[in-house]
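Peer 1: Would you mind keeping the following structure in view while I ask a few things?
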Amino acid sequence: MEPMIRIENVSKTFKSKDNTVEALKHISLDIGAGDIYGIIGMSGAGKSTLVRCLNFLERPTEGTVYVEGKDLSVMNGKELLQMRRSVAMIFQHFNLLMQRTVLDNVCFPMEIAGVGKKEAREKAREYLKIVDLSEKEKSYPAQLSGGQKQRVAIARALAMDPKILLCDEATSALDPTTTKSILALLKEINARYGITIVIITHSMEVVQEVCTKVAIIDAGELAESGTVEAVFASPKSKAARKLIYQGERKVSLMKSRRCIRIVFTENSSFEPVIANMVLECKASVNILLADTKDIGGIARGQMVLQLPEEEQIADKMVAYLKERNLTVEELTDYVE
């Protein structure tokens with residue numbers, strides 16, 4: 001099946017008089033129709049440049065992007081403009097027109113596309129209802145909270161009936177509670193309309209909350225990609241480990257250097273497996289990291305344990321955990 005978006009060997013280099021910056025290096029990714037796809041990386045990784053390449057607001061230096069099988073690199077200006085009508089964007093700072101009411105902000109892209117005033121207003125009210133802002137249609141952006149402004153921006157994006165919604169750090173300026181509500185809204189929109197959503201973020205929590213698949217960008221390169229569940233359970237790249245369990249943090253003043261990471265599922269999260277292991281093996285462990293995430297509606301926990309120095313006991317502990325069908329990953333250089 002043809003992916004909704006195919007990124008093929010995309011590189012982007014910015015040149016100035018004084019220096020050259022390779023923002024993206026040979027990125028290839030497929031984003032399926034109906035996916036909520038997270039593209040994550042630390043600040044400066046190149047993820048915002050990548051999202052702008054998806055609709056050719058930035059033209060790649062090398063490689064190309066296909067949307068619904070159509071090569072953007074061979075399109076002329078008019079064709080690109082037409083394509084962009086089906087690829088909506090929402091941004092970190094909302095980009096609302098401050099002199100226009102909420103209703104008029106949502107109507108704005110339809111006005112540009114030549115939709116009649118009456119039809120535009122009817123559609124705008126329909127989308128304001130979806131984002132739960134019907135009572136604010138006569139308000140101005142200055143009278144709204146950050147979360148309400150982002151809901152207006154989402155309604156405005158939906159007004160053109162897009163097939164793809166690009167979200168560039170769309171929740172970065174919001175508090176955690178408001179972020180959760182915006183992510184829940186995006187999930188609902190995806191389920192209701194089947195819109196493919198691409199979320200650019202630096203937050204693993206955002207990806208785990210709402211995305212089905214994820215790509216990790218590190219220094220302009222694709223470090224890793226896959227389902228969120230698979231990448232969380234067994235991160236293979238240095239960049240993924242850093243994002244998921246602070247894999248670059250080194251703990252000093254510890255005797256044993258052998259550490260493991262355990263991933264719990266909903267079936268094992270509530271069993272006292274660590275306590276039982278300690279009792280069974282008659283040796284203690286050090287818990288260096290522990291947290292629980294909700295990934296795709298399933299509770300996923302993780303722990304990083306420092307095992308005893310005695311190799312035989314440590315091996316027995318690993319075997320004990322594996323017998324209980326837990327994912328166990330040996331970590332290197334977690335402690336100094």
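Naming scheme: A, B, ... for chains in displayed order of the structure tokens; residues 1 onward per chain; ligands 1 onward as shown.
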Can you pull out every residue from segment 187-304 of chain A that DSSP, working from the backbone, puts in strand (DSSP E), and format the result as a PyMOL selection string?
Peer 2: chain A and resi 196-201+213-218+221-227+259-264+286-295+298-304
Peer 1: Generate a file of the selected residues that holds C-alpha atoms, formatted as a PDB file, in the first residue's frame.
Peer 2:
ATOM      1  CA  THR A 196      -2.671  11.548   8.938  1.00  0.00           C
ATOM      2  CA  ILE A 197      -0.997  13.544  11.726  1.00  0.00           C
ATOM      3  CA  VAL A 198       2.746  14.235  11.958  1.00  0.00           C
ATOM      4  CA  ILE A 199       3.855  15.588  15.346  1.00  0.00           C
ATOM      5  CA  ILE A 200       7.253  17.280  15.626  1.00  0.00           C
ATOM      6  CA  THR A 201       8.361  17.409  19.261  1.00  0.00           C
ATOM      7  CA  LYS A 213       4.911   5.349  15.262  1.00  0.00           C
ATOM      8  CA  VAL A 214       8.030   7.393  15.876  1.00  0.00           C
ATOM      9  CA  ALA A 215      11.233   8.492  14.154  1.00  0.00           C
ATOM     10  CA  ILE A 216      14.154   9.798  16.182  1.00  0.00           C
ATOM     11  CA  ILE A 217      16.288  12.466  14.524  1.00  0.00           C
ATOM     12  CA  ASP A 218      19.768  13.102  15.884  1.00  0.00           C
ATOM     13  CA  GLU A 221      20.285  11.890  10.775  1.00  0.00           C
ATOM     14  CA  LEU A 222      17.600   9.253  11.290  1.00  0.00           C
ATOM     15  CA  ALA A 223      18.760   7.435  14.421  1.00  0.00           C
ATOM     16  CA  GLU A 224      15.848   5.013  14.725  1.00  0.00           C
ATOM     17  CA  SER A 225      12.231   4.486  13.699  1.00  0.00           C
ATOM     18  CA  GLY A 226       9.410   2.034  14.399  1.00  0.00           C
ATOM     19  CA  THR A 227       6.281   1.635  16.481  1.00  0.00           C
ATOM     20  CA  CYS A 259      23.015  -2.654  35.078  1.00  0.00           C
ATOM     21  CA  ILE A 260      19.866  -3.870  33.353  1.00  0.00           C
ATOM     22  CA  ARG A 261      16.718  -2.191  32.068  1.00  0.00           C
ATOM     23  CA  ILE A 262      13.415  -3.998  32.529  1.00  0.00           C
ATOM     24  CA  VAL A 263      10.216  -3.169  30.639  1.00  0.00           C
ATOM     25  CA  PHE A 264       6.887  -4.059  32.262  1.00  0.00           C
ATOM     26  CA  ASN A 286      19.813  -0.758  43.459  1.00  0.00           C
ATOM     27  CA  ILE A 287      16.926   0.942  41.626  1.00  0.00           C
ATOM     28  CA  LEU A 288      18.518   3.731  39.549  1.00  0.00           C
ATOM     29  CA  LEU A 289      15.449   4.689  37.488  1.00  0.00           C
ATOM     30  CA  ALA A 290      11.738   3.819  37.589  1.00  0.00           C
ATOM     31  CA  ASP A 291       8.717   5.221  35.789  1.00  0.00           C
ATOM     32  CA  THR A 292       5.441   4.260  34.137  1.00  0.00           C
ATOM     33  CA  LYS A 293       4.037   5.506  30.822  1.00  0.00           C
ATOM     34  CA  ASP A 294       0.739   5.026  29.036  1.00  0.00           C
ATOM     35  CA  ILE A 295       1.588   3.970  25.467  1.00  0.00           C
ATOM     36  CA  ILE A 298      -1.426   0.259  27.705  1.00  0.00           C
ATOM     37  CA  ALA A 299       0.533   0.775  30.921  1.00  0.00           C
ATOM     38  CA  ARG A 300       4.264   0.407  30.239  1.00  0.00           C
ATOM     39  CA  GLY A 301       6.747   0.630  33.066  1.00  0.00           C
ATOM     40  CA  GLN A 302      10.535   0.629  33.053  1.00  0.00           C
ATOM     41  CA  MET A 303      13.242   0.197  35.669  1.00  0.00           C
ATOM     42  CA  VAL A 304      17.006   0.411  35.572  1.00  0.00           C
TER      43      VAL A 304
END
Peer 1: If you run DSSP on the backbone here, which positions in segment 97-308 of chain A get alpha helix (DSSP H)? Please write them as a PyMOL selection string.
Peer 2: chain A and resi 102-112+117-130+146-158+176-193+204-210+228-233+238-245+273-281
Peer 1: Please provide as a list in words all residues within 10 Å of Cys211 of chain A, with the sequence filter that same-chain residues fewer than 3 positions apart are discarded (counting only C-alpha atoms).
Peer 2: Asp35, Ile36, Tyr37, Gly38, Ile39, Leu183, Lys187, Ile197, Val198, Ile199, Glu205, Val206, Val207, Gln208, Val214, Thr227, Val228, Glu229, Ile295 and Gly296 of chain A
Peer 1: With only C-alpha atoms as the basis for distance, which of A:Thr61, A:Asn105, A:Ser11, A:Asn276 is at the shortest distance from Pro141 of chain A?
Peer 2: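 With only C-alpha atoms as the atom set, the closest residue is A:Asn105.
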Peer 1: Would you kindly return, as a VMD selection string, each protein, DNA or RNA residue with an atom no farther than 12 Å from any atom of Asp168 of chain A, considering only C-alpha atoms and excluding same-chain residues fewer than 6 positions away?
Peer 2: chain A and resid 38 to 40 46 to 52 54 88 to 95 150 197 to 202
Peer 1: Env of Leu186 of chain A: 10 Å cut, atoms = only C-alpha atoms, seq-sep filter 3 positions within chain, self excluded. Answer as a VMD selection string.
Peer 2: chain A and resid 36 131 151 154 165 167 180 to 183 189 to 192 195 197 199 210
Peer 1: Write out the residues from the selection above, keeping N, CA, C and O atoms, as a CSV table (one decimal), in the first residue's frame.
Peer 2:
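The resulting file, again.csv, is shown below:
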chain,number,residue,atom,x,y,z
A,36,ILE,N,-0.6,8.5,13.4
A,36,ILE,CA,-0.2,9.6,14.2
A,36,ILE,C,1.3,9.4,14.4
A,36,ILE,O,1.7,8.5,15.2
A,131,VAL,N,-13.8,21.5,18.3
A,131,VAL,CA,-12.7,21.8,19.2
A,131,VAL,C,-13.3,22.5,20.5
A,131,VAL,O,-12.5,23.0,21.4
A,151,ARG,N,-6.6,25.5,20.0
A,151,ARG,CA,-7.8,24.9,19.5
A,151,ARG,C,-8.3,25.7,18.3
A,151,ARG,O,-8.8,25.1,17.4
A,154,ILE,N,-6.2,24.7,15.4
A,154,ILE,CA,-6.6,23.4,14.9
A,154,ILE,C,-7.9,23.5,14.1
A,154,ILE,O,-8.0,22.9,13.0
A,165,LEU,N,-2.1,16.6,8.7
A,165,LEU,CA,-1.9,17.7,9.6
A,165,LEU,C,-0.5,17.7,10.2
A,165,LEU,O,-0.1,16.7,10.8
A,167,CYS,N,2.1,19.1,12.8
A,167,CYS,CA,2.1,19.9,14.1
A,167,CYS,C,3.6,20.1,14.5
A,167,CYS,O,4.3,19.2,14.9
A,180,LYS,N,-2.1,17.7,27.5
A,180,LYS,CA,-2.9,16.5,27.4
A,180,LYS,C,-4.2,16.7,26.7
A,180,LYS,O,-4.6,15.8,25.9
A,181,SER,N,-4.9,17.8,26.9
A,181,SER,CA,-6.2,18.0,26.3
A,181,SER,C,-6.1,18.2,24.8
A,181,SER,O,-6.9,17.8,24.0
A,182,ILE,N,-5.0,18.9,24.4
A,182,ILE,CA,-4.8,19.1,22.9
A,182,ILE,C,-4.4,17.8,22.3
A,182,ILE,O,-4.9,17.5,21.2
A,183,LEU,N,-3.6,17.0,22.9
A,183,LEU,CA,-3.2,15.7,22.3
A,183,LEU,C,-4.4,14.8,22.2
A,183,LEU,O,-4.6,14.1,21.3
A,189,ILE,N,-9.6,13.7,16.5
A,189,ILE,CA,-9.6,14.1,15.1
A,189,ILE,C,-9.1,13.1,14.1
A,189,ILE,O,-9.7,12.8,13.1
A,190,ASN,N,-8.0,12.4,14.5
A,190,ASN,CA,-7.4,11.3,13.7
A,190,ASN,C,-8.4,10.2,13.6
A,190,ASN,O,-8.6,9.6,12.5
A,191,ALA,N,-9.1,9.8,14.7
A,191,ALA,CA,-10.0,8.7,14.7
A,191,ALA,C,-11.3,9.1,13.9
A,191,ALA,O,-11.8,8.2,13.2
A,192,ARG,N,-11.8,10.3,14.1
A,192,ARG,CA,-13.0,10.7,13.4
A,192,ARG,C,-12.8,10.9,11.9
A,192,ARG,O,-13.7,10.5,11.1
A,195,ILE,N,-7.4,11.6,9.4
A,195,ILE,CA,-6.4,12.5,9.0
A,195,ILE,C,-5.0,12.0,9.4
A,195,ILE,O,-4.9,11.6,10.6
A,197,ILE,N,-1.6,12.5,10.9
A,197,ILE,CA,-1.0,13.5,11.7
A,197,ILE,C,0.5,13.3,12.0
A,197,ILE,O,0.9,12.2,12.3
A,199,ILE,N,3.6,14.7,14.2
A,199,ILE,CA,3.9,15.6,15.3
A,199,ILE,C,5.4,15.7,15.5
A,199,ILE,O,6.1,14.7,15.7
A,210,VAL,N,0.3,9.9,22.4
A,210,VAL,CA,-0.6,10.0,21.3
A,210,VAL,C,-0.1,9.3,20.0
A,210,VAL,O,-1.0,8.9,19.2
Peer 1: Return the single residue from A:Ser256, A:Lys322, A:Met160, A:Glu280 that is closest to Gly114 of chain A, with distances computed using only C-alpha atoms.
Peer 2: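 Distance minimum relative to Gly114 of chain A lands on A:Met160.
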Peer 1: Go through A:Gly44, A:Gly147, A:Gly194, A:Pro109 one by one, measure the shortest atom-to-atom distance of each to Glu22 of chain A using only C-alpha atoms, and give the residue with the smallest value.
Peer 2: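 Closest residue, counting only C-alpha atoms: A:Gly44.
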Peer 1: Which residues are near Ile313 of chain A? Cut-off 9 Å, only C-alpha atoms, ignore same chain within fewer than 6 positions. Put them as a list in words.
Peer 2: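 Contacts, with the query itself left out: Cys281, Lys282, Ala283 and Leu307 of chain A.
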Peer 1: Once you have the residues from the selection above, write them out as a PDB file, in the first residue's frame, restricted to N, CA and C atoms.
Peer 2:
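Once everything was written out, this is result-v3.pdb:
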ATOM      1  N   CYS A 281      16.659 -14.670  45.266  1.00  0.00           N
ATOM      2  CA  CYS A 281      18.116 -14.689  45.036  1.00  0.00           C
ATOM      3  C   CYS A 281      18.917 -14.299  46.283  1.00  0.00           C
ATOM      4  N   LYS A 282      18.198 -13.860  47.320  1.00  0.00           N
ATOM      5  CA  LYS A 282      18.828 -13.501  48.606  1.00  0.00           C
ATOM      6  C   LYS A 282      19.954 -12.475  48.429  1.00  0.00           C
ATOM      7  N   ALA A 283      19.672 -11.462  47.598  1.00  0.00           N
ATOM      8  CA  ALA A 283      20.628 -10.361  47.377  1.00  0.00           C
ATOM      9  C   ALA A 283      19.850  -9.120  46.964  1.00  0.00           C
ATOM     10  N   LEU A 307      22.774  -4.450  39.501  1.00  0.00           N
ATOM     11  CA  LEU A 307      22.798  -5.805  40.050  1.00  0.00           C
ATOM     12  C   LEU A 307      24.002  -5.999  40.980  1.00  0.00           C
TER      13      LEU A 307
END
